[in-house]
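Asker: So that we are looking at the same thing, I have put the structure below in structure tokens.
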Amino acid sequence: MQRIEDIIKKNKEAFNNDEPQTDHFDRFQKKLKDDQKERGESWFERYNIILKIAAAILIFAAISTIIYTDTFSYLKNTFTNEIVAAELPDEILEVMQYYNVIADKKINQIDDLAVSEDEATRVKGMALKELQMLEDDRSELEAEYTLNPNSERIMNALLLNQQKRAEILDRIISTLNQIN
């Protein structure tokens, strides 16, 4: 039995002598189209480009929203704090700064008193949660102060808020001292 390759090589002239019929390519194209119609194009294949464009727009909108809201809230807080800081009397600003320094020192003292890093992280987390509530109250008080400048009631509330921060940290430090 001869190999098929040998047969083709020996009869090469017989294979290359005729060109395809003139309608060969047309029939081939028709068969391809018929085959494609039989398979049927799915909805996703038909609208593939539209889906890609819609997905890209959706991703762009989501990322833009995230960036805008984070940036906007940061700018809003910065702008509000600068306005309030500019309007508060110097004496109040000095007292608030004093209490902020004390609070930072006490937070460092909590780190020193904690037995382990896990305990320090847990205790600082609890303290920061309480301090965040006071910080939110302070922001509200400062916003109210911009509406009612020179209100002694609001200035006293701001100072009391700062004192409560120090008291909370003192309570945590005394609890840690009792445990140790």
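Chain lettering (A, B, ...) mirrors the order of the structure tokens, residue numbering begins at 1 for each chain separately, and ligand numbering begins at 1 in order of display.
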For Ala127 (chain A), please output as JSON, numbers by chain all residues within 8 Å (counting only C-alpha atoms; exclusion window: fewer than 2 positions along the same chain).
Answerer: {"A": [123, 124, 125, 129, 130, 131, 168, 169, 172]}
Asker: May I have the residues from that selection written out with all heavy atoms, as a PDB file, in the first residue's frame?
Answerer:
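The new file selection27.pdb reads:
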```pdb
ATOM      1  N   VAL A 123      -7.752  48.043  73.103  1.00  0.00           N
ATOM      2  CA  VAL A 123      -8.070  49.172  73.982  1.00  0.00           C
ATOM      3  C   VAL A 123      -8.089  50.474  73.191  1.00  0.00           C
ATOM      4  O   VAL A 123      -8.985  51.312  73.362  1.00  0.00           O
ATOM      5  CB  VAL A 123      -7.058  49.240  75.151  1.00  0.00           C
ATOM      6  CG1 VAL A 123      -7.222  50.521  75.934  1.00  0.00           C
ATOM      7  CG2 VAL A 123      -7.227  48.030  76.054  1.00  0.00           C
ATOM      8  N   LYS A 124      -7.103  50.655  72.301  1.00  0.00           N
ATOM      9  CA  LYS A 124      -7.084  51.873  71.484  1.00  0.00           C
ATOM     10  C   LYS A 124      -8.296  51.931  70.564  1.00  0.00           C
ATOM     11  O   LYS A 124      -8.848  53.003  70.322  1.00  0.00           O
ATOM     12  CB  LYS A 124      -5.794  51.951  70.678  1.00  0.00           C
ATOM     13  CG  LYS A 124      -4.641  52.511  71.468  1.00  0.00           C
ATOM     14  CD  LYS A 124      -3.349  52.511  70.707  1.00  0.00           C
ATOM     15  CE  LYS A 124      -3.365  53.387  69.509  1.00  0.00           C
ATOM     16  NZ  LYS A 124      -2.049  53.508  68.870  1.00  0.00           N
ATOM     17  N   GLY A 125      -8.723  50.769  70.075  1.00  0.00           N
ATOM     18  CA  GLY A 125      -9.910  50.739  69.223  1.00  0.00           C
ATOM     19  C   GLY A 125     -11.140  51.208  69.976  1.00  0.00           C
ATOM     20  O   GLY A 125     -11.953  51.984  69.453  1.00  0.00           O
ATOM     21  N   LYS A 129     -13.133  54.714  69.295  1.00  0.00           N
ATOM     22  CA  LYS A 129     -14.564  54.711  68.981  1.00  0.00           C
ATOM     23  C   LYS A 129     -15.290  55.765  69.826  1.00  0.00           C
ATOM     24  O   LYS A 129     -16.104  56.529  69.319  1.00  0.00           O
ATOM     25  CB  LYS A 129     -15.157  53.326  69.253  1.00  0.00           C
ATOM     26  CG  LYS A 129     -16.587  53.180  68.774  1.00  0.00           C
ATOM     27  CD  LYS A 129     -17.180  51.839  69.134  1.00  0.00           C
ATOM     28  CE  LYS A 129     -16.517  50.712  68.406  1.00  0.00           C
ATOM     29  NZ  LYS A 129     -17.133  49.405  68.673  1.00  0.00           N
ATOM     30  N   GLU A 130     -14.959  55.809  71.118  1.00  0.00           N
ATOM     31  CA  GLU A 130     -15.570  56.818  71.982  1.00  0.00           C
ATOM     32  C   GLU A 130     -15.118  58.223  71.588  1.00  0.00           C
ATOM     33  O   GLU A 130     -15.918  59.167  71.578  1.00  0.00           O
ATOM     34  CB  GLU A 130     -15.217  56.544  73.447  1.00  0.00           C
ATOM     35  CG  GLU A 130     -15.890  55.313  74.010  1.00  0.00           C
ATOM     36  CD  GLU A 130     -15.617  55.134  75.490  1.00  0.00           C
ATOM     37  OE1 GLU A 130     -15.672  56.147  76.221  1.00  0.00           O
ATOM     38  OE2 GLU A 130     -15.351  54.002  75.902  1.00  0.00           O
ATOM     39  N   LEU A 131     -13.848  58.351  71.263  1.00  0.00           N
ATOM     40  CA  LEU A 131     -13.333  59.657  70.872  1.00  0.00           C
ATOM     41  C   LEU A 131     -13.939  60.126  69.553  1.00  0.00           C
ATOM     42  O   LEU A 131     -14.127  61.326  69.343  1.00  0.00           O
ATOM     43  CB  LEU A 131     -11.808  59.630  70.782  1.00  0.00           C
ATOM     44  CG  LEU A 131     -11.060  59.431  72.097  1.00  0.00           C
ATOM     45  CD1 LEU A 131      -9.567  59.334  71.842  1.00  0.00           C
ATOM     46  CD2 LEU A 131     -11.377  60.537  73.083  1.00  0.00           C
ATOM     47  N   ILE A 168     -12.103  60.479  79.246  1.00  0.00           N
ATOM     48  CA  ILE A 168     -12.234  59.121  78.708  1.00  0.00           C
ATOM     49  C   ILE A 168     -10.875  58.437  78.678  1.00  0.00           C
ATOM     50  O   ILE A 168     -10.727  57.285  79.087  1.00  0.00           O
ATOM     51  CB  ILE A 168     -12.871  59.157  77.299  1.00  0.00           C
ATOM     52  CG1 ILE A 168     -14.348  59.507  77.389  1.00  0.00           C
ATOM     53  CG2 ILE A 168     -12.688  57.821  76.576  1.00  0.00           C
ATOM     54  CD1 ILE A 168     -15.016  59.769  76.067  1.00  0.00           C
ATOM     55  N   LEU A 169      -9.876  59.142  78.219  1.00  0.00           N
ATOM     56  CA  LEU A 169      -8.534  58.554  78.164  1.00  0.00           C
ATOM     57  C   LEU A 169      -7.991  58.293  79.565  1.00  0.00           C
ATOM     58  O   LEU A 169      -7.334  57.275  79.798  1.00  0.00           O
ATOM     59  CB  LEU A 169      -7.597  59.465  77.368  1.00  0.00           C
ATOM     60  CG  LEU A 169      -7.923  59.558  75.870  1.00  0.00           C
ATOM     61  CD1 LEU A 169      -7.090  60.647  75.206  1.00  0.00           C
ATOM     62  CD2 LEU A 169      -7.717  58.230  75.181  1.00  0.00           C
ATOM     63  N   ILE A 172      -9.530  55.058  80.812  1.00  0.00           N
ATOM     64  CA  ILE A 172      -8.911  53.888  80.189  1.00  0.00           C
ATOM     65  C   ILE A 172      -7.550  53.624  80.799  1.00  0.00           C
ATOM     66  O   ILE A 172      -7.188  52.471  81.091  1.00  0.00           O
ATOM     67  CB  ILE A 172      -8.830  54.087  78.660  1.00  0.00           C
ATOM     68  CG1 ILE A 172     -10.230  54.063  78.058  1.00  0.00           C
ATOM     69  CG2 ILE A 172      -7.950  53.020  78.019  1.00  0.00           C
ATOM     70  CD1 ILE A 172     -10.300  54.454  76.620  1.00  0.00           C
TER      71      ILE A 172
END
```
Asker: Record the distance separating CA of Ser116 (chain A) and CA of Asp104 (chain A), expressed in Å with one decimal.
Answerer: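 CA of Ser116 (chain A) sits 19.7 Å away from CA of Asp104 (chain A).
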Asker: Have a look at CA of Leu88 (chain A) and CA of Asn148 (chain A) and let me know their distance in Å, one decimal.
Answerer: 11.2 Å
Asker: Name all residues at most 12 Å from Arg138 (chain A) (count only C-alpha atoms; drop same-chain ones fewer than 4 positions away) and give them as an MDAnalysis selection string.
Answerer: chainID A and resid 81 84 96 131:134 142:145 154:165
Asker: CA of Leu113 (chain A) to CA of Asn177 (chain A): how many Å, to one decimal?
Answerer: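 A separation of 7.1 Å between them.
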